[in-house]
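Data file: structure_4.txt. Format and content: compact mmCIF, C-alpha atoms (C1' of nucleotides).
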```
# COMPACT_ATOMS: atom_id res chain seq x y z
CA MET A 1 0.00 0.00 0.00
CA VAL A 2 2.93 2.28 0.49
CA SER A 3 5.13 0.07 -1.60
CA VAL A 4 4.72 2.04 -4.80
CA ALA A 5 7.88 3.78 -5.89
CA ARG A 6 7.49 7.52 -6.09
CA PRO A 7 8.78 7.66 -9.67
CA VAL A 8 5.69 5.68 -10.72
CA HIS A 9 3.37 8.27 -9.21
CA ASP A 10 5.42 11.06 -10.69
CA GLU A 11 5.25 9.48 -14.10
CA VAL A 12 1.49 8.95 -13.83
CA ALA A 13 0.99 12.57 -12.78
CA LEU A 14 3.09 13.68 -15.70
CA ARG A 15 1.12 11.72 -18.26
CA LEU A 16 -2.20 12.86 -16.84
CA ALA A 17 -0.98 16.45 -16.93
CA GLY A 18 -0.16 15.96 -20.58
CA LEU A 19 -3.89 15.52 -21.14
CA GLU A 20 -4.78 18.38 -18.83
CA GLN A 21 -5.95 15.95 -16.22
CA ARG A 22 -5.31 15.82 -12.51
CA TYR A 23 -3.77 13.12 -10.38
CA THR A 24 -6.49 12.95 -7.77
CA PRO A 25 -6.65 10.82 -4.60
CA ILE A 26 -8.93 8.29 -6.28
CA ARG A 27 -6.59 7.89 -9.23
CA ARG A 28 -3.62 7.63 -6.94
CA ALA A 29 -5.36 4.94 -4.88
CA LEU A 30 -6.15 2.99 -8.03
CA VAL A 31 -2.56 3.14 -9.25
CA THR A 32 -1.29 2.05 -5.86
CA THR A 33 -3.77 -0.84 -5.73
CA LEU A 34 -2.86 -2.07 -9.19
CA ALA A 35 0.84 -1.78 -8.47
CA ASP A 36 0.52 -3.73 -5.24
CA ALA A 37 -1.67 -6.46 -6.67
CA GLY A 38 1.01 -7.86 -8.94
CA ARG A 39 -1.66 -9.20 -11.27
CA PRO A 40 -4.47 -7.74 -13.34
CA LEU A 41 -7.54 -6.88 -11.24
CA SER A 42 -11.19 -6.94 -12.24
CA ILE A 43 -13.54 -4.12 -11.28
CA PRO A 44 -15.07 -6.14 -8.42
CA GLU A 45 -11.58 -6.84 -7.12
CA ILE A 46 -10.73 -3.14 -7.36
CA LEU A 47 -13.92 -2.20 -5.50
CA ALA A 48 -13.00 -4.65 -2.75
CA SER A 49 -9.51 -3.21 -2.48
CA VAL A 50 -10.23 0.48 -2.54
CA ASP A 51 -12.38 1.69 0.30
CA GLU A 52 -15.47 3.81 -0.40
CA LEU A 53 -15.08 3.63 -4.15
CA PRO A 54 -18.33 3.93 -6.16
CA GLN A 55 -18.57 1.58 -9.09
CA SER A 56 -19.04 4.37 -11.59
CA SER A 57 -15.88 6.07 -10.36
CA ALA A 58 -13.96 2.83 -10.67
CA TYR A 59 -14.89 2.45 -14.32
CA ARG A 60 -14.32 6.10 -15.09
CA THR A 61 -10.98 6.24 -13.31
CA VAL A 62 -9.74 3.13 -15.04
CA THR A 63 -10.76 4.61 -18.37
CA ALA A 64 -8.96 7.87 -17.60
CA LEU A 65 -5.79 5.99 -16.67
CA ILE A 66 -5.99 3.96 -19.87
CA GLU A 67 -6.27 7.13 -21.90
CA ALA A 68 -3.24 8.49 -20.09
CA GLY A 69 -1.35 5.36 -21.09
CA VAL A 70 -0.58 4.12 -17.60
CA VAL A 71 -3.11 1.28 -17.41
CA ARG A 72 -4.08 -1.34 -19.94
CA ARG A 73 -6.99 -3.71 -20.19
CA VAL A 74 -6.30 -7.44 -20.13
CA THR A 75 -8.77 -9.94 -21.49
CA GLY A 76 -8.98 -13.19 -19.58
CA VAL A 77 -11.11 -16.27 -19.94
CA ASP A 78 -14.27 -14.96 -18.35
CA ASP A 79 -16.06 -11.83 -19.43
CA HIS A 80 -14.67 -9.49 -16.84
CA GLY A 81 -12.26 -6.85 -17.91
CA ARG A 82 -9.06 -6.87 -15.88
CA PHE A 83 -6.66 -3.99 -15.49
CA GLU A 84 -2.97 -3.54 -14.80
CA LEU A 85 -0.27 -0.91 -15.04
CA THR A 86 1.40 -0.76 -18.43
CA GLU A 87 4.65 -2.61 -18.93
CA ASP A 88 6.81 0.50 -18.91
CA LEU A 89 5.62 1.14 -15.36
CA ALA A 90 5.26 -2.40 -14.03
CA GLY A 91 7.95 -4.20 -16.00
CA HIS A 92 7.77 -6.73 -18.78
CA HIS A 93 5.82 -9.90 -18.04
CA HIS A 94 3.29 -12.32 -19.46
CA HIS A 95 -0.08 -13.56 -18.26
CA LEU A 96 -1.52 -16.85 -17.30
CA ALA A 97 -5.29 -17.10 -17.05
CA CYS A 98 -6.88 -19.99 -15.21
CA GLY A 99 -9.65 -21.43 -17.35
CA SER A 100 -11.34 -22.74 -14.26
CA CYS A 101 -11.51 -19.86 -11.80
CA GLY A 102 -10.74 -16.98 -14.17
CA THR A 103 -7.91 -15.50 -12.15
CA VAL A 104 -5.09 -13.97 -14.14
CA GLU A 105 -1.54 -14.15 -12.81
CA ASP A 106 1.56 -12.38 -13.92
CA ILE A 107 4.39 -14.56 -15.15
CA ALA A 108 7.78 -13.29 -14.20
CA PRO A 109 9.96 -13.39 -17.30
CA SER A 110 12.60 -16.08 -17.20
CA PRO A 111 15.26 -16.34 -19.91
CA ARG A 112 13.89 -19.69 -21.11
CA LEU A 113 10.35 -18.38 -21.38
CA GLU A 114 11.48 -15.20 -23.09
CA ARG A 115 13.40 -17.19 -25.66
CA ALA A 116 10.41 -19.40 -26.41
CA MET A 117 8.02 -16.45 -26.57
CA ALA A 118 10.30 -14.42 -28.78
CA GLU A 119 10.68 -17.34 -31.16
CA ALA A 120 6.89 -17.81 -31.30
CA ALA A 121 6.38 -14.11 -32.03
CA ARG A 122 9.00 -14.26 -34.77
CA VAL A 123 7.33 -17.24 -36.42
CA VAL A 124 3.89 -15.63 -36.29
CA ALA A 125 5.21 -12.41 -37.75
CA GLU A 126 6.91 -14.26 -40.58
CA GLU A 127 4.25 -16.80 -41.38
CA GLN A 128 1.10 -14.81 -40.78
CA GLY A 129 2.05 -11.25 -41.58
CA TYR A 130 1.23 -10.19 -38.04
CA GLU A 131 3.03 -7.69 -35.95
CA VAL A 132 2.80 -9.09 -32.44
CA THR A 133 2.02 -6.26 -30.08
CA SER A 134 4.90 -5.46 -27.79
CA HIS A 135 5.77 -9.06 -27.03
CA GLN A 136 2.55 -9.65 -25.16
CA PHE A 137 1.22 -13.17 -24.75
CA ASP A 138 -1.61 -14.56 -22.74
CA LEU A 139 -1.70 -18.23 -21.98
CA VAL A 140 -4.60 -20.21 -20.67
CA GLY A 141 -4.30 -23.17 -18.37
CA VAL A 142 -5.48 -24.58 -15.10
CA CYS A 143 -3.88 -23.13 -12.02
CA SER A 144 -2.41 -25.35 -9.33
CA THR A 145 -5.21 -24.46 -6.93
CA CYS A 146 -7.97 -25.53 -9.32
CA ARG A 147 -6.10 -28.66 -10.30
CA ALA A 148 -6.10 -29.72 -6.68
CA LEU A 149 -9.87 -29.40 -6.43
CA PRO A 150 -12.04 -32.54 -6.72
CA GLY A 151 -13.95 -33.02 -9.95
CA MET B 1 -21.25 -25.10 -47.14
CA VAL B 2 -21.13 -28.70 -48.22
CA SER B 3 -17.49 -28.90 -47.41
CA VAL B 4 -17.92 -30.48 -44.01
CA ALA B 5 -16.75 -34.07 -43.85
CA ARG B 6 -19.51 -36.47 -42.95
CA PRO B 7 -17.50 -37.99 -40.08
CA VAL B 8 -17.69 -34.61 -38.32
CA HIS B 9 -21.47 -34.60 -38.45
CA ASP B 10 -21.59 -38.22 -37.37
CA GLU B 11 -19.36 -37.46 -34.43
CA VAL B 12 -21.44 -34.45 -33.42
CA ALA B 13 -24.63 -36.50 -33.63
CA LEU B 14 -23.02 -39.16 -31.49
CA ARG B 15 -21.97 -36.76 -28.76
CA LEU B 16 -25.35 -35.07 -28.71
CA ALA B 17 -27.04 -38.46 -28.48
CA GLY B 18 -24.87 -39.20 -25.49
CA LEU B 19 -26.67 -36.36 -23.69
CA GLU B 20 -30.07 -37.42 -25.05
CA GLN B 21 -30.04 -34.53 -27.43
CA ARG B 22 -30.90 -34.35 -31.10
CA TYR B 23 -28.87 -33.23 -34.05
CA THR B 24 -31.41 -30.84 -35.51
CA PRO B 25 -31.18 -28.78 -38.72
CA ILE B 26 -30.26 -25.65 -36.79
CA ARG B 27 -27.46 -27.42 -34.96
CA ARG B 28 -26.23 -28.97 -38.16
CA ALA B 29 -26.22 -25.57 -39.88
CA LEU B 30 -24.21 -24.09 -37.03
CA VAL B 31 -21.63 -26.86 -37.14
CA THR B 32 -21.31 -26.47 -40.90
CA THR B 33 -20.91 -22.72 -40.60
CA LEU B 34 -18.23 -22.98 -37.93
CA ALA B 35 -16.38 -25.65 -39.88
CA ASP B 36 -16.41 -23.58 -43.05
CA ALA B 37 -15.38 -20.33 -41.38
CA GLY B 38 -11.91 -21.54 -40.51
CA ARG B 39 -11.81 -19.09 -37.63
CA PRO B 40 -13.82 -18.47 -34.47
CA LEU B 41 -17.08 -16.64 -35.15
CA SER B 42 -18.97 -14.21 -32.95
CA ILE B 43 -22.74 -14.42 -32.54
CA PRO B 44 -23.34 -11.51 -34.94
CA GLU B 45 -21.16 -13.27 -37.49
CA ILE B 46 -23.08 -16.49 -36.99
CA LEU B 47 -26.40 -14.67 -37.40
CA ALA B 48 -25.14 -13.18 -40.64
CA SER B 49 -24.04 -16.57 -41.92
CA VAL B 50 -27.02 -18.70 -41.02
CA ASP B 51 -30.23 -17.63 -42.67
CA GLU B 52 -33.37 -17.09 -40.59
CA LEU B 53 -31.65 -17.77 -37.30
CA PRO B 54 -33.15 -16.03 -34.26
CA GLN B 55 -30.63 -14.63 -31.84
CA SER B 56 -31.94 -16.65 -28.92
CA SER B 57 -31.56 -19.84 -30.91
CA ALA B 58 -28.01 -18.94 -31.85
CA TYR B 59 -27.00 -18.55 -28.22
CA ARG B 60 -28.91 -21.63 -27.12
CA THR B 61 -27.54 -23.79 -29.91
CA VAL B 62 -24.00 -22.71 -29.26
CA THR B 63 -24.47 -23.53 -25.60
CA ALA B 64 -25.86 -26.97 -26.42
CA LEU B 65 -22.92 -27.71 -28.69
CA ILE B 66 -20.48 -26.59 -26.02
CA GLU B 67 -22.11 -28.93 -23.54
CA ALA B 68 -21.82 -31.74 -26.04
CA GLY B 69 -18.10 -30.99 -26.31
CA VAL B 70 -18.03 -30.14 -30.00
CA VAL B 71 -17.71 -26.36 -29.74
CA ARG B 72 -15.60 -24.19 -27.51
CA ARG B 73 -15.67 -20.54 -26.62
CA VAL B 74 -12.69 -18.40 -27.53
CA THR B 75 -12.00 -15.11 -25.80
CA GLY B 76 -10.56 -12.42 -28.03
CA VAL B 77 -9.60 -8.83 -27.40
CA ASP B 78 -13.06 -7.34 -27.48
CA ASP B 79 -15.87 -8.55 -25.28
CA HIS B 80 -17.66 -10.66 -27.83
CA GLY B 81 -17.63 -14.38 -27.36
CA ARG B 82 -16.34 -16.26 -30.38
CA PHE B 83 -16.99 -19.89 -31.11
CA GLU B 84 -15.25 -22.67 -32.98
CA LEU B 85 -15.29 -26.44 -33.29
CA THR B 86 -13.13 -28.20 -30.72
CA GLU B 87 -9.64 -29.23 -31.75
CA ASP B 88 -10.45 -32.93 -32.02
CA LEU B 89 -12.92 -32.03 -34.76
CA ALA B 90 -11.20 -29.11 -36.45
CA GLY B 91 -7.57 -30.01 -35.92
CA HIS B 92 -4.89 -28.50 -33.72
CA HIS B 93 -4.19 -24.81 -34.21
CA HIS B 94 -3.55 -21.55 -32.39
CA HIS B 95 -5.22 -18.16 -32.47
CA LEU B 96 -4.19 -14.70 -33.38
CA ALA B 97 -6.46 -11.87 -32.29
CA CYS B 98 -6.10 -8.49 -33.91
CA GLY B 99 -6.02 -5.86 -31.18
CA SER B 100 -7.27 -3.28 -33.64
CA CYS B 101 -10.29 -4.84 -35.38
CA GLY B 102 -10.96 -7.72 -33.00
CA THR B 103 -10.98 -10.44 -35.62
CA VAL B 104 -9.57 -13.77 -34.54
CA GLU B 105 -7.71 -15.93 -37.06
CA ASP B 106 -6.61 -19.51 -36.88
CA ILE B 107 -2.90 -20.12 -37.12
CA ALA B 108 -2.01 -23.26 -38.98
CA PRO B 109 0.54 -25.17 -36.92
CA SER B 110 4.02 -25.09 -38.42
CA PRO B 111 6.84 -27.15 -36.92
CA ARG B 112 8.75 -24.07 -35.86
CA LEU B 113 5.76 -22.54 -34.14
CA GLU B 114 4.86 -25.81 -32.45
CA ARG B 115 8.35 -26.15 -31.10
CA ALA B 116 8.31 -22.63 -29.67
CA MET B 117 4.83 -23.07 -28.22
CA ALA B 118 5.62 -26.43 -26.69
CA GLU B 119 8.74 -25.00 -25.08
CA ALA B 120 6.76 -22.06 -23.67
CA ALA B 121 4.13 -24.42 -22.26
CA ARG B 122 6.84 -26.57 -20.69
CA VAL B 123 8.47 -23.58 -19.03
CA VAL B 124 5.17 -22.30 -17.67
CA ALA B 125 4.27 -25.72 -16.31
CA GLU B 126 7.63 -26.03 -14.60
CA GLU B 127 8.02 -22.53 -13.28
CA GLN B 128 4.44 -21.65 -12.40
CA GLY B 129 2.84 -24.95 -11.48
CA TYR B 130 0.34 -24.53 -14.29
CA GLU B 131 -1.04 -27.19 -16.52
CA VAL B 132 -1.46 -25.49 -19.86
CA THR B 133 -4.77 -26.57 -21.33
CA SER B 134 -4.32 -28.80 -24.31
CA HIS B 135 -1.54 -26.77 -25.83
CA GLN B 136 -3.78 -23.80 -26.50
CA PHE B 137 -2.31 -20.36 -26.93
CA ASP B 138 -3.82 -17.09 -27.98
CA LEU B 139 -1.64 -14.32 -29.23
CA VAL B 140 -2.54 -10.70 -29.73
CA GLY B 141 -1.13 -8.51 -32.43
CA VAL B 142 -2.07 -6.23 -35.27
CA CYS B 143 -3.20 -7.93 -38.45
CA SER B 144 -1.73 -7.00 -41.79
CA THR B 145 -4.95 -5.31 -42.86
CA CYS B 146 -5.05 -3.00 -39.86
CA ARG B 147 -1.33 -2.26 -40.15
CA ALA B 148 -1.92 -0.97 -43.66
CA LEU B 149 -4.54 1.49 -42.45
CA PRO B 150 -3.59 5.14 -41.91
CA GLY B 151 -3.23 6.33 -38.34
C1' DC C 1 -12.62 35.41 -3.44
C1' DT C 2 -14.01 34.51 -8.05
C1' DT C 3 -14.08 31.83 -11.95
C1' DG C 4 -13.24 28.17 -15.25
C1' DT C 5 -12.48 23.47 -15.78
C1' DA C 6 -11.90 18.87 -14.32
C1' DA C 7 -13.60 15.15 -11.16
C1' DT C 8 -17.03 12.87 -8.62
C1' DG C 9 -21.29 10.08 -7.47
C1' DA C 10 -25.84 8.35 -8.26
C1' DG C 11 -28.58 6.48 -11.29
C1' DA C 12 -30.24 5.88 -16.03
C1' DA C 13 -29.08 3.83 -20.36
C1' DC C 14 -26.88 0.24 -23.16
C1' DC C 15 -25.91 -4.03 -24.99
C1' DA C 16 -24.41 -8.81 -25.04
C1' DT C 17 -26.08 -12.76 -23.02
C1' DT C 18 -29.35 -15.68 -20.44
C1' DC C 19 -33.83 -17.07 -19.04
C1' DC C 20 -38.82 -18.18 -19.63
C1' DC C 21 -42.62 -20.23 -21.65
C1' DA C 22 -45.89 -21.38 -25.04
C1' DT C 23 -45.57 -23.79 -29.30
C1' DC C 24 -43.60 -26.97 -32.42
C1' DT C 25 -40.93 -31.09 -33.87
C1' DA C 26 -38.35 -35.38 -33.76
C1' DC C 27 -38.03 -39.97 -32.45
C1' DA C 28 -40.05 -44.39 -30.26
C1' DC C 29 -43.54 -47.36 -29.95
C1' DT C 30 -47.99 -48.99 -31.61
C1' DA D 1 -49.35 -44.00 -40.48
C1' DG D 2 -50.87 -42.45 -35.58
C1' DT D 3 -49.74 -41.09 -31.01
C1' DG D 4 -47.18 -39.83 -26.88
C1' DT D 5 -43.27 -37.93 -24.66
C1' DA D 6 -39.36 -35.26 -24.33
C1' DG D 7 -36.41 -32.23 -26.57
C1' DA D 8 -36.08 -27.91 -29.59
C1' DT D 9 -37.53 -23.51 -31.08
C1' DG D 10 -38.58 -18.41 -31.14
C1' DG D 11 -40.03 -14.22 -29.22
C1' DG D 12 -39.57 -11.45 -25.65
C1' DA D 13 -38.52 -10.43 -20.85
C1' DA D 14 -34.83 -10.41 -17.48
C1' DT D 15 -29.96 -10.04 -16.13
C1' DG D 16 -25.53 -8.14 -15.38
C1' DG D 17 -21.34 -5.85 -16.65
C1' DT D 18 -20.13 -1.49 -18.60
C1' DT D 19 -20.92 3.18 -20.27
C1' DC D 20 -23.27 7.54 -20.25
C1' DT D 21 -25.56 11.72 -18.21
C1' DC D 22 -25.80 15.40 -15.38
C1' DA D 23 -25.97 17.95 -11.28
C1' DT D 24 -22.69 18.78 -7.68
C1' DT D 25 -18.02 19.34 -5.76
C1' DA D 26 -13.02 20.26 -5.72
C1' DC D 27 -9.01 22.30 -7.70
C1' DA D 28 -5.77 25.79 -9.72
C1' DA D 29 -5.06 30.24 -11.49
C1' DG D 30 -5.90 35.10 -11.46
```
Take the structure from the file and write it as structure tokens.
Amino acid sequence: MVSVARPVHDEVALRLAGLEQRYTPIRRALVTTLADAGRPLSIPEILASVDELPQSSAYRTVTALIEAGVVRRVTGVDDHGRFELTEDLAGHHHHLACGSCGTVEDIAPSPRLERAMAEAARVVAEEQGYEVTSHQFDLVGVCSTCRALPG
Amino acid sequence: MVSVARPVHDEVALRLAGLEQRYTPIRRALVTTLADAGRPLSIPEILASVDELPQSSAYRTVTALIEAGVVRRVTGVDDHGRFELTEDLAGHHHHLACGSCGTVEDIAPSPRLERAMAEAARVVAEEQGYEVTSHQFDLVGVCSTCRALPG
DNA sequence: CTTGTAATGAGAACCATTCCCATCTACACT
DNA sequence: AGTGTAGATGGGAATGGTTCTCATTACAAG
């Protein structure tokens, strides 16, 4: 909750200012929450984390931060939008969505994974004429928690 | 439209029968449409492809086919569900979602891509304790059409 | 302190999806 | 072929996440 580096807040304030927008307490709380979560959060999760936050403000604030280029929307396996700080603020990583419970986790980049991902992106670019967006992959699987469940 | 191999229809009929369900004309039309599309289709796309299909029937039919294990839902970059035949009916492949227009394409598996994907899945399984679902990956990028657009 | 502009909160509006129910149809058994 | 039973269909109502509207409030500059 106080673990967010000041440079992040400064950078967010700067980008908002570039659009003539203010870095208000609500926006600051949202940035802090997303930074601390370490994984993309859905709106319900954000509402549970930030005290006294009306739903409409949550959606609007998230939208404002997206427009300022400090938050991006992540699509998971269920139909809930999930949000995280952009890579230039939170660091490069990939995502792993659990097809069973819907939770999305960040994957810390390891050299082996990066090599495999980079190779996959290269192949897709060559063979399909696609430009893979900023080395961003989302994998779907079953998380260890759900695998342990009966059924 | 007549390009669907008979074994596919037979298999679908069999799986529906296993749940005491019938392989009706509507369901057959949907299977044919999905098989011919060669990429996951959204409900609006399905409605445009199948003549005289009420929206409620489209959703219900898709749901029935999912329960029978012959169709699966694919999540793209926008919030529209997209549907395709399962891999055991349509063959193994990956997806490429265009972050700009939302269209999802199938990626034909090439040896190079498979190697890279398999390696990525292995790493994720080892390092994150995840079981990656049936070698299924979805990548996001910008398709060649959208890249050619101004702006 | 005044004023202009952005931000907020509550609820209405929207839209994709799901649910309901009366009607229709397919298959099994005469 | 005729009939009965259960599944399937279609139209519309209901749901739920997300977006929009607008009156009110909070800032920053003069």
Distance filter 8 Å, only C-alpha atoms (C1' of nucleotides), chain C against chain A, as a PDB file with C-alpha atoms (C1' of nucleotides), in the coordinates of the input:
```pdb
ATOM      1  C1'  DA C   6     -11.900  18.870 -14.320  1.00  0.00           C
ATOM      2  C1'  DT C   8     -17.030  12.870  -8.620  1.00  0.00           C
ATOM      3  C1'  DG C   9     -21.290  10.080  -7.470  1.00  0.00           C
TER       4       DG C   9
END
```
For chain B, list the residues within 9 Å of chain A, counting only C-alpha atoms, and write the list as a PyMOL selection string.
chain B and resi 74-81+96+98-99+107+110+112-124+127-144+147
Using C-alpha atoms, can you export the residues from the last selection as an mmCIF file, keeping the file's coordinate frame?
```
data_model
loop_
_atom_site.group_PDB
_atom_site.id
_atom_site.type_symbol
_atom_site.label_atom_id
_atom_site.label_comp_id
_atom_site.auth_asym_id
_atom_site.auth_seq_id
_atom_site.Cartn_x
_atom_site.Cartn_y
_atom_site.Cartn_z
ATOM 1 C CA VAL B 74 -12.690 -18.400 -27.530
ATOM 2 C CA THR B 75 -12.000 -15.110 -25.800
ATOM 3 C CA GLY B 76 -10.560 -12.420 -28.030
ATOM 4 C CA VAL B 77 -9.600 -8.830 -27.400
ATOM 5 C CA ASP B 78 -13.060 -7.340 -27.480
ATOM 6 C CA ASP B 79 -15.870 -8.550 -25.280
ATOM 7 C CA HIS B 80 -17.660 -10.660 -27.830
ATOM 8 C CA GLY B 81 -17.630 -14.380 -27.360
ATOM 9 C CA LEU B 96 -4.190 -14.700 -33.380
ATOM 10 C CA CYS B 98 -6.100 -8.490 -33.910
ATOM 11 C CA GLY B 99 -6.020 -5.860 -31.180
ATOM 12 C CA ILE B 107 -2.900 -20.120 -37.120
ATOM 13 C CA SER B 110 4.020 -25.090 -38.420
ATOM 14 C CA ARG B 112 8.750 -24.070 -35.860
ATOM 15 C CA LEU B 113 5.760 -22.540 -34.140
ATOM 16 C CA GLU B 114 4.860 -25.810 -32.450
ATOM 17 C CA ARG B 115 8.350 -26.150 -31.100
ATOM 18 C CA ALA B 116 8.310 -22.630 -29.670
ATOM 19 C CA MET B 117 4.830 -23.070 -28.220
ATOM 20 C CA ALA B 118 5.620 -26.430 -26.690
ATOM 21 C CA GLU B 119 8.740 -25.000 -25.080
ATOM 22 C CA ALA B 120 6.760 -22.060 -23.670
ATOM 23 C CA ALA B 121 4.130 -24.420 -22.260
ATOM 24 C CA ARG B 122 6.840 -26.570 -20.690
ATOM 25 C CA VAL B 123 8.470 -23.580 -19.030
ATOM 26 C CA VAL B 124 5.170 -22.300 -17.670
ATOM 27 C CA GLU B 127 8.020 -22.530 -13.280
ATOM 28 C CA GLN B 128 4.440 -21.650 -12.400
ATOM 29 C CA GLY B 129 2.840 -24.950 -11.480
ATOM 30 C CA TYR B 130 0.340 -24.530 -14.290
ATOM 31 C CA GLU B 131 -1.040 -27.190 -16.520
ATOM 32 C CA VAL B 132 -1.460 -25.490 -19.860
ATOM 33 C CA THR B 133 -4.770 -26.570 -21.330
ATOM 34 C CA SER B 134 -4.320 -28.800 -24.310
ATOM 35 C CA HIS B 135 -1.540 -26.770 -25.830
ATOM 36 C CA GLN B 136 -3.780 -23.800 -26.500
ATOM 37 C CA PHE B 137 -2.310 -20.360 -26.930
ATOM 38 C CA ASP B 138 -3.820 -17.090 -27.980
ATOM 39 C CA LEU B 139 -1.640 -14.320 -29.230
ATOM 40 C CA VAL B 140 -2.540 -10.700 -29.730
ATOM 41 C CA GLY B 141 -1.130 -8.510 -32.430
ATOM 42 C CA VAL B 142 -2.070 -6.230 -35.270
ATOM 43 C CA CYS B 143 -3.200 -7.930 -38.450
ATOM 44 C CA SER B 144 -1.730 -7.000 -41.790
ATOM 45 C CA ARG B 147 -1.330 -2.260 -40.150
#
```
Pairwise distance, atom CA of Thr32 of chain A with atom C1' of DT18 of chain D, equals 23.0 Å
Leaving out segment 62-65 of chain B and any residue of its chain fewer than 6 positions from it, which residues lie within 8 Å of it when counting all atoms listed in the file, given as a list in words? Leu16, Arg27, Leu30, Val71 and Phe83 of chain B
